[in-house]
>>> print(open('coords33.cif').read())   # mmCIF, C-alpha atoms and all ligand atoms
data_my_file
#
loop_
_atom_site.group_PDB
_atom_site.id
_atom_site.type_symbol
_atom_site.label_atom_id
_atom_site.label_comp_id
_atom_site.auth_asym_id
_atom_site.auth_seq_id
_atom_site.Cartn_x
_atom_site.Cartn_y
_atom_site.Cartn_z
ATOM 1 C CA MET A 1 -48.183 -18.037 125.730
ATOM 2 C CA LEU A 2 -44.720 -19.486 125.315
ATOM 3 C CA ARG A 3 -42.529 -17.015 123.455
ATOM 4 C CA GLY A 4 -38.888 -15.947 123.375
ATOM 5 C CA LYS A 5 -36.802 -17.703 126.008
ATOM 6 C CA TYR A 6 -39.810 -19.517 127.521
ATOM 7 C CA LYS A 7 -40.149 -23.097 126.229
ATOM 8 C CA LYS A 8 -42.302 -24.558 129.023
ATOM 9 C CA TYR A 9 -44.577 -23.353 131.814
ATOM 10 C CA LYS A 10 -43.287 -23.769 135.371
ATOM 11 C CA THR A 11 -44.749 -21.343 137.897
ATOM 12 C CA LEU A 12 -47.590 -18.933 137.161
ATOM 13 C CA TYR A 13 -47.288 -15.488 138.786
ATOM 14 C CA ILE A 14 -50.822 -14.195 139.000
ATOM 15 C CA TYR A 15 -52.064 -10.632 139.601
ATOM 16 C CA SER A 16 -55.828 -10.441 139.888
ATOM 17 C CA PHE A 17 -57.663 -7.094 139.718
ATOM 18 C CA LYS A 18 -61.121 -6.005 140.818
ATOM 19 C CA ASN A 19 -61.519 -4.131 137.550
ATOM 20 C CA PHE A 20 -60.151 -4.069 134.003
ATOM 21 C CA HIS A 21 -58.855 -1.586 131.440
ATOM 22 C CA PRO A 22 -59.252 -2.374 127.712
ATOM 23 C CA ALA A 23 -55.638 -1.243 127.074
ATOM 24 C CA LEU A 24 -54.522 -4.394 128.908
ATOM 25 C CA ASN A 25 -55.662 -6.455 125.915
ATOM 26 C CA GLN A 26 -52.843 -4.800 123.923
ATOM 27 C CA PHE A 27 -50.314 -4.960 126.781
ATOM 28 C CA GLU A 28 -47.090 -6.812 125.917
ATOM 29 C CA ASP A 29 -44.118 -7.839 128.054
ATOM 30 C CA GLU A 30 -41.422 -10.469 127.475
ATOM 31 C CA ASP A 31 -42.450 -12.302 130.680
ATOM 32 C CA LEU A 32 -46.197 -12.075 130.064
ATOM 33 C CA ILE A 33 -48.130 -15.328 129.635
ATOM 34 C CA GLY A 34 -51.489 -13.728 129.037
ATOM 35 C CA VAL A 35 -54.217 -11.306 130.077
ATOM 36 C CA TRP A 36 -57.504 -12.849 131.189
ATOM 37 C CA GLU A 37 -60.618 -10.685 131.056
ATOM 38 C CA GLU A 38 -63.969 -11.863 132.319
ATOM 39 C CA ASP A 39 -67.042 -9.989 133.562
ATOM 40 C CA GLY A 40 -65.167 -6.702 133.999
ATOM 41 C CA VAL A 41 -62.359 -8.290 136.007
ATOM 42 C CA GLY A 42 -58.784 -8.778 134.782
ATOM 43 C CA ILE A 43 -55.981 -11.195 135.650
ATOM 44 C CA LEU A 44 -52.381 -10.930 134.463
ATOM 45 C CA PHE A 45 -50.256 -14.086 134.261
ATOM 46 C CA PHE A 46 -46.459 -13.895 134.120
ATOM 47 C CA HIS A 47 -43.577 -16.382 133.976
ATOM 48 C CA LYS A 48 -41.835 -14.503 136.833
ATOM 49 C CA PRO A 49 -42.737 -12.029 139.616
ATOM 50 C CA LYS A 50 -43.481 -8.567 138.181
ATOM 51 C CA ASP A 51 -44.442 -6.447 141.210
ATOM 52 C CA GLU A 52 -42.815 -3.240 139.940
ATOM 53 C CA LEU A 53 -44.364 -3.465 136.493
ATOM 54 C CA VAL A 54 -47.775 -4.246 137.970
ATOM 55 C CA GLU A 55 -47.438 -1.198 140.269
ATOM 56 C CA GLU A 56 -46.892 0.952 137.149
ATOM 57 C CA LEU A 57 -49.921 -0.568 135.423
ATOM 58 C CA ILE A 58 -52.067 0.037 138.504
ATOM 59 C CA LYS A 59 -51.148 3.754 138.432
ATOM 60 C CA LYS A 60 -51.447 4.107 134.661
ATOM 61 C CA TYR A 61 -54.819 2.375 134.245
ATOM 62 C CA GLY A 62 -56.446 2.932 137.647
ATOM 63 C CA LEU A 63 -56.461 -0.796 138.415
ATOM 64 C CA LYS A 64 -57.378 -2.158 141.843
ATOM 65 C CA LEU A 65 -55.333 -5.181 142.874
ATOM 66 C CA ASP A 66 -57.510 -7.888 144.425
ATOM 67 C CA PHE A 67 -54.798 -10.477 145.165
ATOM 68 C CA LYS A 68 -51.531 -11.863 143.868
ATOM 69 C CA ASP A 69 -50.520 -15.486 143.882
ATOM 70 C CA ALA A 70 -47.960 -17.951 142.557
ATOM 71 C CA MET A 71 -48.770 -21.544 141.685
ATOM 72 C CA PRO A 72 -47.339 -24.440 139.703
ATOM 73 C CA TYR A 73 -48.728 -24.514 136.155
ATOM 74 C CA GLU A 74 -50.247 -27.995 136.648
ATOM 75 C CA LYS A 75 -52.270 -26.720 139.591
ATOM 76 C CA TRP A 76 -53.948 -24.064 137.441
ATOM 77 C CA ASN A 77 -54.951 -26.870 135.116
ATOM 78 C CA GLU A 78 -56.856 -28.668 137.883
ATOM 79 C CA ASN A 79 -53.829 -30.900 138.469
ATOM 80 C CA ARG A 80 -54.217 -32.516 135.060
ATOM 81 C CA VAL A 81 -50.923 -33.449 133.480
ATOM 82 C CA LEU A 82 -50.604 -32.173 129.953
ATOM 83 C CA LYS A 83 -49.404 -34.964 127.742
ATOM 84 C CA PRO A 84 -49.388 -36.094 124.094
ATOM 85 C CA PHE A 85 -52.476 -37.924 122.813
ATOM 86 C CA LYS A 86 -53.757 -39.502 119.627
ATOM 87 C CA VAL A 87 -56.936 -38.896 117.609
ATOM 88 C CA GLY A 88 -57.322 -41.466 114.845
ATOM 89 C CA PRO A 89 -53.860 -41.568 113.264
ATOM 90 C CA TYR A 90 -52.981 -38.011 114.379
ATOM 91 C CA LYS A 91 -50.410 -37.530 117.132
ATOM 92 C CA ILE A 92 -50.924 -34.301 119.049
ATOM 93 C CA ALA A 93 -48.678 -32.849 121.752
ATOM 94 C CA PRO A 94 -48.117 -29.766 123.885
ATOM 95 C CA LEU A 95 -45.380 -27.634 122.380
ATOM 96 C CA TRP A 96 -42.616 -28.646 124.782
ATOM 97 C CA TYR A 97 -42.709 -32.407 124.085
ATOM 98 C CA GLU A 98 -39.915 -33.581 121.841
ATOM 99 C CA GLY A 99 -40.921 -35.994 119.094
ATOM 100 C CA LYS A 100 -42.592 -36.206 115.733
ATOM 101 C CA TRP A 101 -46.127 -34.829 116.011
ATOM 102 C CA ASP A 102 -48.858 -34.102 113.479
ATOM 103 C CA LEU A 103 -50.063 -31.156 115.553
ATOM 104 C CA ILE A 104 -48.442 -29.213 118.364
ATOM 105 C CA PHE A 105 -50.104 -26.616 120.551
ATOM 106 C CA ASP A 106 -49.433 -24.155 123.331
ATOM 107 C CA PRO A 107 -52.144 -24.840 125.952
ATOM 108 C CA SER A 108 -51.402 -21.516 127.671
ATOM 109 C CA ILE A 109 -53.800 -20.956 130.572
ATOM 110 C CA VAL A 110 -57.052 -21.461 128.659
ATOM 111 C CA PHE A 111 -59.301 -24.498 128.269
ATOM 112 C CA GLY A 112 -58.539 -27.065 125.594
ATOM 113 C CA GLU A 113 -55.548 -29.217 126.460
ATOM 114 C CA GLY A 114 -57.215 -32.063 124.582
ATOM 115 C CA THR A 115 -57.411 -34.689 127.305
ATOM 116 C CA HIS A 116 -60.467 -33.425 129.207
ATOM 117 C CA PRO A 117 -63.372 -35.851 128.526
ATOM 118 C CA THR A 118 -65.493 -33.111 126.907
ATOM 119 C CA THR A 119 -62.728 -32.287 124.416
ATOM 120 C CA SER A 120 -61.483 -35.828 123.848
ATOM 121 C CA MET A 121 -65.035 -37.018 123.040
ATOM 122 C CA ILE A 122 -65.511 -34.214 120.476
ATOM 123 C CA LEU A 123 -62.143 -35.099 118.943
ATOM 124 C CA GLU A 124 -63.028 -38.813 118.772
ATOM 125 C CA LEU A 125 -66.453 -38.015 117.304
ATOM 126 C CA SER A 126 -64.775 -35.641 114.833
ATOM 127 C CA TRP A 127 -62.547 -38.433 113.580
ATOM 128 C CA GLU A 128 -65.508 -40.850 113.349
ATOM 129 C CA PHE A 129 -67.495 -38.163 111.515
ATOM 130 C CA TYR A 130 -64.636 -37.663 109.043
ATOM 131 C CA GLN A 131 -64.471 -41.399 108.372
ATOM 132 C CA ASN A 132 -68.240 -41.786 107.906
ATOM 133 C CA PHE A 133 -69.193 -38.559 106.127
ATOM 134 C CA GLY A 134 -65.898 -37.286 104.686
ATOM 135 C CA LYS A 135 -64.561 -33.770 105.057
ATOM 136 C CA PRO A 136 -67.138 -31.045 105.703
ATOM 137 C CA GLN A 137 -66.348 -27.933 103.654
ATOM 138 C CA LYS A 138 -67.066 -25.488 106.473
ATOM 139 C CA VAL A 139 -66.755 -26.010 110.231
ATOM 140 C CA LEU A 140 -67.715 -23.604 113.027
ATOM 141 C CA ASP A 141 -65.860 -24.028 116.355
ATOM 142 C CA ILE A 142 -67.884 -22.235 119.049
ATOM 143 C CA GLY A 143 -65.752 -21.462 122.118
ATOM 144 C CA CYS A 144 -62.416 -22.418 120.577
ATOM 145 C CA GLY A 145 -60.313 -22.090 123.791
ATOM 146 C CA THR A 146 -56.775 -23.144 122.801
ATOM 147 C CA GLY A 147 -58.079 -23.844 119.294
ATOM 148 C CA ILE A 148 -57.498 -27.584 119.618
ATOM 149 C CA LEU A 149 -60.642 -28.525 117.634
ATOM 150 C CA THR A 150 -59.928 -25.830 115.054
ATOM 151 C CA LEU A 151 -56.396 -27.189 114.570
ATOM 152 C CA PHE A 152 -57.721 -30.715 114.096
ATOM 153 C CA TRP A 153 -60.301 -29.773 111.463
ATOM 154 C CA ALA A 154 -57.958 -27.333 109.696
ATOM 155 C CA LYS A 155 -55.427 -30.179 109.526
ATOM 156 C CA LEU A 156 -58.119 -32.352 107.909
ATOM 157 C CA GLY A 157 -58.555 -29.624 105.299
ATOM 158 C CA ALA A 158 -61.818 -27.946 106.364
ATOM 159 C CA ASP A 159 -62.417 -24.174 106.286
ATOM 160 C CA VAL A 160 -62.821 -23.367 109.966
ATOM 161 C CA ILE A 161 -64.406 -20.360 111.636
ATOM 162 C CA ALA A 162 -63.439 -20.215 115.327
ATOM 163 C CA VAL A 163 -65.214 -17.944 117.816
ATOM 164 C CA ASP A 164 -64.430 -17.215 121.458
ATOM 165 C CA ILE A 165 -65.687 -14.543 123.826
ATOM 166 C CA ASN A 166 -62.342 -14.513 125.666
ATOM 167 C CA PRO A 167 -59.696 -12.359 123.878
ATOM 168 C CA LEU A 168 -56.906 -14.549 125.278
ATOM 169 C CA CYS A 169 -58.445 -17.654 123.652
ATOM 170 C CA VAL A 170 -58.498 -15.822 120.326
ATOM 171 C CA LYS A 171 -54.804 -14.921 120.704
ATOM 172 C CA VAL A 172 -53.849 -18.472 121.731
ATOM 173 C CA THR A 173 -55.825 -20.037 118.857
ATOM 174 C CA LYS A 174 -54.150 -17.720 116.319
ATOM 175 C CA HIS A 175 -50.740 -18.497 117.857
ATOM 176 C CA ASN A 176 -51.419 -22.259 117.643
ATOM 177 C CA LEU A 177 -52.526 -22.017 114.005
ATOM 178 C CA ILE A 178 -49.239 -20.272 113.152
ATOM 179 C CA LEU A 179 -47.256 -22.939 115.051
ATOM 180 C CA ASN A 180 -48.761 -25.567 112.732
ATOM 181 C CA ASP A 181 -48.696 -23.515 109.544
ATOM 182 C CA LEU A 182 -52.497 -23.748 109.335
ATOM 183 C CA SER A 183 -55.139 -21.093 108.812
ATOM 184 C CA ALA A 184 -58.673 -20.396 110.013
ATOM 185 C CA GLU A 185 -60.888 -17.379 110.587
ATOM 186 C CA VAL A 186 -60.728 -16.568 114.317
ATOM 187 C CA ILE A 187 -63.318 -14.151 115.692
ATOM 188 C CA GLU A 188 -63.586 -12.572 119.140
ATOM 189 C CA GLY A 189 -67.005 -12.094 120.706
ATOM 190 C CA ASP A 190 -70.181 -13.678 121.993
ATOM 191 C CA ILE A 191 -71.354 -16.316 119.504
ATOM 192 C CA LYS A 192 -74.942 -15.074 119.848
ATOM 193 C CA ARG A 193 -73.904 -11.803 118.150
ATOM 194 C CA PHE A 194 -72.753 -13.638 115.026
ATOM 195 C CA LEU A 195 -75.512 -16.195 114.470
ATOM 196 C CA PRO A 196 -76.717 -17.424 112.064
ATOM 197 C CA ILE A 197 -73.512 -18.871 110.611
ATOM 198 C CA LYS A 198 -74.391 -21.604 108.157
ATOM 199 C CA VAL A 199 -71.759 -24.354 107.993
ATOM 200 C CA ASP A 200 -71.645 -28.116 107.423
ATOM 201 C CA LEU A 201 -70.512 -28.986 110.953
ATOM 202 C CA VAL A 202 -70.794 -27.033 114.216
ATOM 203 C CA LEU A 203 -68.520 -27.894 117.165
ATOM 204 C CA ALA A 204 -69.827 -26.724 120.534
ATOM 205 C CA ASN A 205 -67.951 -27.807 123.656
ATOM 206 C CA LEU A 206 -69.552 -25.275 125.997
ATOM 207 C CA TYR A 207 -71.464 -25.377 129.283
ATOM 208 C CA LYS A 208 -75.060 -26.311 129.964
ATOM 209 C CA GLY A 209 -76.391 -22.742 130.384
ATOM 210 C CA LEU A 210 -74.997 -21.573 127.052
ATOM 211 C CA LEU A 211 -76.081 -24.776 125.292
ATOM 212 C CA GLU A 212 -79.624 -24.159 126.564
ATOM 213 C CA GLU A 213 -79.543 -20.581 125.282
ATOM 214 C CA LEU A 214 -78.237 -21.677 121.879
ATOM 215 C CA PHE A 215 -80.695 -24.586 121.554
ATOM 216 C CA ASN A 216 -83.522 -22.091 122.089
ATOM 217 C CA LEU A 217 -82.289 -19.821 119.270
ATOM 218 C CA PRO A 218 -83.679 -20.726 115.816
ATOM 219 C CA SER A 219 -80.575 -19.044 114.299
ATOM 220 C CA PHE A 220 -78.379 -21.731 115.917
ATOM 221 C CA TRP A 221 -80.052 -24.475 113.868
ATOM 222 C CA ASP A 222 -78.957 -23.390 110.401
ATOM 223 C CA SER A 223 -76.321 -26.082 109.853
ATOM 224 C CA LYS A 224 -76.394 -29.754 108.910
ATOM 225 C CA PHE A 225 -74.408 -31.482 111.695
ATOM 226 C CA TYR A 226 -73.564 -30.588 115.311
ATOM 227 C CA LEU A 227 -71.050 -32.049 117.757
ATOM 228 C CA ILE A 228 -72.216 -31.015 121.216
ATOM 229 C CA SER A 229 -70.250 -31.462 124.444
ATOM 230 C CA GLY A 230 -69.736 -29.896 127.871
ATOM 231 C CA PHE A 231 -72.650 -31.307 129.893
ATOM 232 C CA MET A 232 -72.906 -34.124 132.427
ATOM 233 C CA SER A 233 -75.250 -37.100 132.322
ATOM 234 C CA ASN A 234 -77.479 -35.625 135.051
ATOM 235 C CA MET A 235 -78.080 -32.561 132.811
ATOM 236 C CA GLU A 236 -78.951 -34.582 129.744
ATOM 237 C CA LYS A 237 -82.684 -34.907 130.442
ATOM 238 C CA GLU A 238 -83.212 -31.133 130.531
ATOM 239 C CA LEU A 239 -81.287 -30.610 127.308
ATOM 240 C CA LEU A 240 -83.193 -33.446 125.618
ATOM 241 C CA GLU A 241 -86.429 -31.717 126.590
ATOM 242 C CA ILE A 242 -85.341 -28.566 124.695
ATOM 243 C CA LEU A 243 -84.142 -30.650 121.735
ATOM 244 C CA LYS A 244 -87.679 -32.034 121.304
ATOM 245 C CA SER A 245 -88.756 -28.716 119.808
ATOM 246 C CA CYS A 246 -85.649 -28.428 117.577
ATOM 247 C CA LYS A 247 -85.635 -30.180 114.234
ATOM 248 C CA VAL A 248 -82.652 -32.464 114.911
ATOM 249 C CA LYS A 249 -82.019 -36.120 115.615
ATOM 250 C CA ILE A 250 -79.257 -37.714 117.685
ATOM 251 C CA LEU A 251 -77.019 -39.838 115.456
ATOM 252 C CA LYS A 252 -74.518 -40.817 118.129
ATOM 253 C CA ARG A 253 -74.074 -40.485 121.882
ATOM 254 C CA LYS A 254 -70.829 -40.906 123.826
ATOM 255 C CA GLU A 255 -70.218 -40.871 127.566
ATOM 256 C CA LYS A 256 -66.899 -40.549 129.403
ATOM 257 C CA GLU A 257 -66.373 -40.011 133.139
ATOM 258 C CA ASP A 258 -69.998 -38.867 133.440
ATOM 259 C CA TRP A 259 -69.667 -36.294 130.630
ATOM 260 C CA VAL A 260 -71.870 -36.738 127.558
ATOM 261 C CA SER A 261 -71.394 -35.763 123.892
ATOM 262 C CA TRP A 262 -73.800 -35.956 120.974
ATOM 263 C CA LEU A 263 -73.585 -35.938 117.207
ATOM 264 C CA LEU A 264 -76.790 -34.316 115.933
ATOM 265 C CA GLU A 265 -78.159 -34.077 112.410
ATOM 266 C CA SER A 266 -80.597 -31.439 111.288
ATOM 267 C CA ILE A 267 -83.882 -32.746 109.866
ATOM 268 C CA LYS A 268 -85.040 -29.233 108.971
ATOM 269 C CA GLU A 269 -86.244 -28.868 105.390
ATOM 270 C CA GLY A 270 -83.804 -27.141 103.055
ATOM 271 C CA ILE A 271 -80.689 -27.829 105.185
HETATM 272 C C1 LIG B 301 -65.100 -25.697 127.509
HETATM 273 S S1 LIG B 301 -64.181 -24.499 126.627
HETATM 274 C C2 LIG B 301 -63.910 -25.377 125.100
HETATM 275 C C3 LIG B 301 -62.519 -25.197 124.546
HETATM 276 C C4 LIG B 301 -62.180 -26.097 123.352
HETATM 277 N N1 LIG B 301 -63.072 -25.844 122.235
HETATM 278 C C5 LIG B 301 -62.250 -27.565 123.728
HETATM 279 O O1 LIG B 301 -63.121 -28.266 123.190
HETATM 280 O O2 LIG B 301 -61.449 -28.016 124.546
HETATM 281 C C6 LIG B 301 -65.464 -23.334 126.233
HETATM 282 C C7 LIG B 301 -64.991 -22.038 125.592
HETATM 283 O O3 LIG B 301 -66.161 -21.270 125.267
HETATM 284 C C8 LIG B 301 -65.867 -19.901 125.409
HETATM 285 N N2 LIG B 301 -67.151 -19.185 125.547
HETATM 286 C C9 LIG B 301 -67.939 -19.092 126.647
HETATM 287 N N3 LIG B 301 -69.041 -18.371 126.375
HETATM 288 C C10 LIG B 301 -68.962 -18.010 125.062
HETATM 289 C C11 LIG B 301 -69.802 -17.252 124.191
HETATM 290 N N4 LIG B 301 -70.966 -16.733 124.615
HETATM 291 N N5 LIG B 301 -69.410 -17.062 122.904
HETATM 292 C C12 LIG B 301 -68.235 -17.580 122.462
HETATM 293 N N6 LIG B 301 -67.394 -18.303 123.253
HETATM 294 C C13 LIG B 301 -67.754 -18.521 124.529
HETATM 295 C C14 LIG B 301 -64.959 -19.854 126.644
HETATM 296 O O4 LIG B 301 -64.186 -18.672 126.657
HETATM 297 C C15 LIG B 301 -64.131 -21.131 126.464
HETATM 298 O O5 LIG B 301 -62.919 -20.851 125.810
#
>>> encode(input="coords33.cif", output="structure tokens")
Amino acid sequence: MLRGKYKKYKTLYIYSFKNFHPALNQFEDEDLIGVWEEDGVGILFFHKPKDELVEELIKKYGLKLDFKDAMPYEKWNENRVLKPFKVGPYKIAPLWYEGKWDLIFDPSIVFGEGTHPTTSMILELSWEFYQNFGKPQKVLDIGCGTGILTLFWAKLGADVIAVDINPLCVKVTKHNLILNDLSAEVIEGDIKRFLPIKVDLVLANLYKGLLEELFNLPSFWDSKFYLISGFMSNMEKELLEILKSCKVKILKRKEKEDWVSWLLESIKEGI
């Protein structure tokens, strides 16, 4: 994250390990960008080279260095340029852009810079939903990443619960809420552990495998509306097949650069 003297990302100094130690999730350093933990493997990201410090951490926590690397920030983001964008009347920008914005955010090194088709479609559908149905009281953001969807709905006045399995995403989302003087409940862990969570609107920009798992769980279908994203048009048929046995109907479908998003409404009795 951007803190202290760091106002913008330039080069990422990356130390990737073959293992992980839970203490790293509490590790702090003035040059640290973030600690990424996935499947028992850890990666440390810094704003500058930190060989000596990393040597100490290796000894202290029994870490095994896999590789180290340095790369421009934009390259980590699949060469996408982070830039301001608009959703309805709301102007949203990465933290370092000067100007008058309704929402600002630190994209850090996690997913959710707002301009990826999967995110931008959910944001557009969110605004359309707000215009057509008004403000849902409770919103669940599954896989919040940077918290971009959480920020948007919190700004619109909804009570948002955000969940992410990645501890760094939870930290970044909390940081971004503070930057905007907004609040939401942000929970770390696998969404499947917490279901059912009954809300008015579920946001799920995930990946096909997890969407399939969730669609097959009756406890996922406890809410009224769902904005689903994160799958490509060639995956749609398989997901539609699973949807046939779920009590929902598709209210709206969007497609952008071969990615597809749906707005679903539950037709289950009592919802
Ligand atoms: C594609 S990103 C979406 C980020 C942001 N919501 C957006 O729309 O741009 C998916 C997020 O889901 C999280 N995730 C993956 N599996 C998860 C799980 N089982 N439970 C909760 N979050 C999960 C990932 O860590 C990642 O941050």
>>> residues_near_point(input="coords33.cif", point="(-71.1, -22.7, 110.1)", cutoff="12 Å", atoms="only C-alpha atoms", output="VMD selection string")
chain A and resid 136 to 142 158 to 163 185 191 194 to 204 219 to 226 271
>>> residues_near_ligand(input="coords33.cif", ligand="ligand LIG 301 (chain B)", cutoff="8 Å", atoms="all atoms listed in the file", output="PDB file with C-alpha atoms, keeping the file's coordinate frame")
ATOM      1  CA  VAL A 110     -57.052 -21.461 128.659  1.00  0.00           C
ATOM      2  CA  PHE A 111     -59.301 -24.498 128.269  1.00  0.00           C
ATOM      3  CA  GLY A 112     -58.539 -27.065 125.594  1.00  0.00           C
ATOM      4  CA  GLU A 113     -55.548 -29.217 126.460  1.00  0.00           C
ATOM      5  CA  GLY A 114     -57.215 -32.063 124.582  1.00  0.00           C
ATOM      6  CA  HIS A 116     -60.467 -33.425 129.207  1.00  0.00           C
ATOM      7  CA  THR A 118     -65.493 -33.111 126.907  1.00  0.00           C
ATOM      8  CA  THR A 119     -62.728 -32.287 124.416  1.00  0.00           C
ATOM      9  CA  SER A 120     -61.483 -35.828 123.848  1.00  0.00           C
ATOM     10  CA  ILE A 122     -65.511 -34.214 120.476  1.00  0.00           C
ATOM     11  CA  ASP A 141     -65.860 -24.028 116.355  1.00  0.00           C
ATOM     12  CA  ILE A 142     -67.884 -22.235 119.049  1.00  0.00           C
ATOM     13  CA  GLY A 143     -65.752 -21.462 122.118  1.00  0.00           C
ATOM     14  CA  CYS A 144     -62.416 -22.418 120.577  1.00  0.00           C
ATOM     15  CA  GLY A 145     -60.313 -22.090 123.791  1.00  0.00           C
ATOM     16  CA  THR A 146     -56.775 -23.144 122.801  1.00  0.00           C
ATOM     17  CA  GLY A 147     -58.079 -23.844 119.294  1.00  0.00           C
ATOM     18  CA  ILE A 148     -57.498 -27.584 119.618  1.00  0.00           C
ATOM     19  CA  LEU A 149     -60.642 -28.525 117.634  1.00  0.00           C
ATOM     20  CA  THR A 150     -59.928 -25.830 115.054  1.00  0.00           C
ATOM     21  CA  VAL A 163     -65.214 -17.944 117.816  1.00  0.00           C
ATOM     22  CA  ASP A 164     -64.430 -17.215 121.458  1.00  0.00           C
ATOM     23  CA  ILE A 165     -65.687 -14.543 123.826  1.00  0.00           C
ATOM     24  CA  ASN A 166     -62.342 -14.513 125.666  1.00  0.00           C
ATOM     25  CA  CYS A 169     -58.445 -17.654 123.652  1.00  0.00           C
ATOM     26  CA  GLU A 188     -63.586 -12.572 119.140  1.00  0.00           C
ATOM     27  CA  GLY A 189     -67.005 -12.094 120.706  1.00  0.00           C
ATOM     28  CA  ASP A 190     -70.181 -13.678 121.993  1.00  0.00           C
ATOM     29  CA  ILE A 191     -71.354 -16.316 119.504  1.00  0.00           C
ATOM     30  CA  LYS A 192     -74.942 -15.074 119.848  1.00  0.00           C
ATOM     31  CA  LEU A 203     -68.520 -27.894 117.165  1.00  0.00           C
ATOM     32  CA  ALA A 204     -69.827 -26.724 120.534  1.00  0.00           C
ATOM     33  CA  ASN A 205     -67.951 -27.807 123.656  1.00  0.00           C
ATOM     34  CA  LEU A 206     -69.552 -25.275 125.997  1.00  0.00           C
ATOM     35  CA  TYR A 207     -71.464 -25.377 129.283  1.00  0.00           C
ATOM     36  CA  LEU A 210     -74.997 -21.573 127.052  1.00  0.00           C
ATOM     37  CA  SER A 229     -70.250 -31.462 124.444  1.00  0.00           C
ATOM     38  CA  GLY A 230     -69.736 -29.896 127.871  1.00  0.00           C
TER      39      GLY A 230
END
>>> resolve_selection(input="coords33.cif", expression="the PyMOL selection byres (((chain A and resi 94-108) around 6) and not hetatm)", output="list in words")
Met1, Lys8, Tyr90, Lys91, Ile92, Ala93, Ile109, Val110, Glu113, Thr146 and Asn176 of chain A
>>> resolve_selection(input="coords33.cif", expression="the PyMOL selection byres (((chain A and resi 35-50) around 8) and not hetatm)", output="PyMOL selection string")
chain A and resi 9-21+24-25+31-34+51-54+166-168
>>> write_last_selection(input="coords33.cif", atoms="C-alpha atoms", output="CSV table (one decimal), in the coordinates of the input")
chain,number,residue,atom,x,y,z
A,9,TYR,CA,-44.6,-23.4,131.8
A,10,LYS,CA,-43.3,-23.8,135.4
A,11,THR,CA,-44.7,-21.3,137.9
A,12,LEU,CA,-47.6,-18.9,137.2
A,13,TYR,CA,-47.3,-15.5,138.8
A,14,ILE,CA,-50.8,-14.2,139.0
A,15,TYR,CA,-52.1,-10.6,139.6
A,16,SER,CA,-55.8,-10.4,139.9
A,17,PHE,CA,-57.7,-7.1,139.7
A,18,LYS,CA,-61.1,-6.0,140.8
A,19,ASN,CA,-61.5,-4.1,137.6
A,20,PHE,CA,-60.2,-4.1,134.0
A,21,HIS,CA,-58.9,-1.6,131.4
A,24,LEU,CA,-54.5,-4.4,128.9
A,25,ASN,CA,-55.7,-6.5,125.9
A,31,ASP,CA,-42.4,-12.3,130.7
A,32,LEU,CA,-46.2,-12.1,130.1
A,33,ILE,CA,-48.1,-15.3,129.6
A,34,GLY,CA,-51.5,-13.7,129.0
A,51,ASP,CA,-44.4,-6.4,141.2
A,52,GLU,CA,-42.8,-3.2,139.9
A,53,LEU,CA,-44.4,-3.5,136.5
A,54,VAL,CA,-47.8,-4.2,138.0
A,166,ASN,CA,-62.3,-14.5,125.7
A,167,PRO,CA,-59.7,-12.4,123.9
A,168,LEU,CA,-56.9,-14.5,125.3
>>> atom_distance(input="coords33.cif", atom1="CA of Glu128 (chain A)", atom2="CA of Leu156 (chain A)")
12.5 Å
>>> atom_distance(input="coords33.cif", atom1="CA of Leu211 (chain A)", atom2="CA of Trp76 (chain A)")
25.3 Å
>>> atom_distance(input="coords33.cif", atom1="CA of Met235 (chain A)", atom2="CA of Gly209 (chain A)")
10.3 Å
>>> resolve_selection(input="coords33.cif", expression="the PyMOL selection byres (((chain A and resi 251-263) around 6) and not hetatm)", output="list in words")
Pro117, Tyr226, Leu227, Ile228, Ser229, Phe231, Met232, Ser233, Ile250 and Leu264 of chain A
>>> closest_residue(input="coords33.cif", among="A:Asn216, A:Lys5, A:Asp66, A:Leu151", to="Leu240 (chain A)", atoms="only C-alpha atoms")
A:Asn216
>>> residues_around(input="coords33.cif", residues="Val87 (chain A)", least_positions_apart="4", cutoff="7 Å", atoms="only C-alpha atoms", output="short mmCIF file (atom, residue, chain, number, x, y, z; two decimals) with C-alpha atoms, keeping the file's coordinate frame")
data_model
loop_
_atom_site.label_atom_id
_atom_site.label_comp_id
_atom_site.auth_asym_id
_atom_site.auth_seq_id
_atom_site.Cartn_x
_atom_site.Cartn_y
_atom_site.Cartn_z
CA LYS A 91 -50.41 -37.53 117.13
CA LEU A 123 -62.14 -35.10 118.94
CA GLU A 124 -63.03 -38.81 118.77
CA TRP A 127 -62.55 -38.43 113.58
#
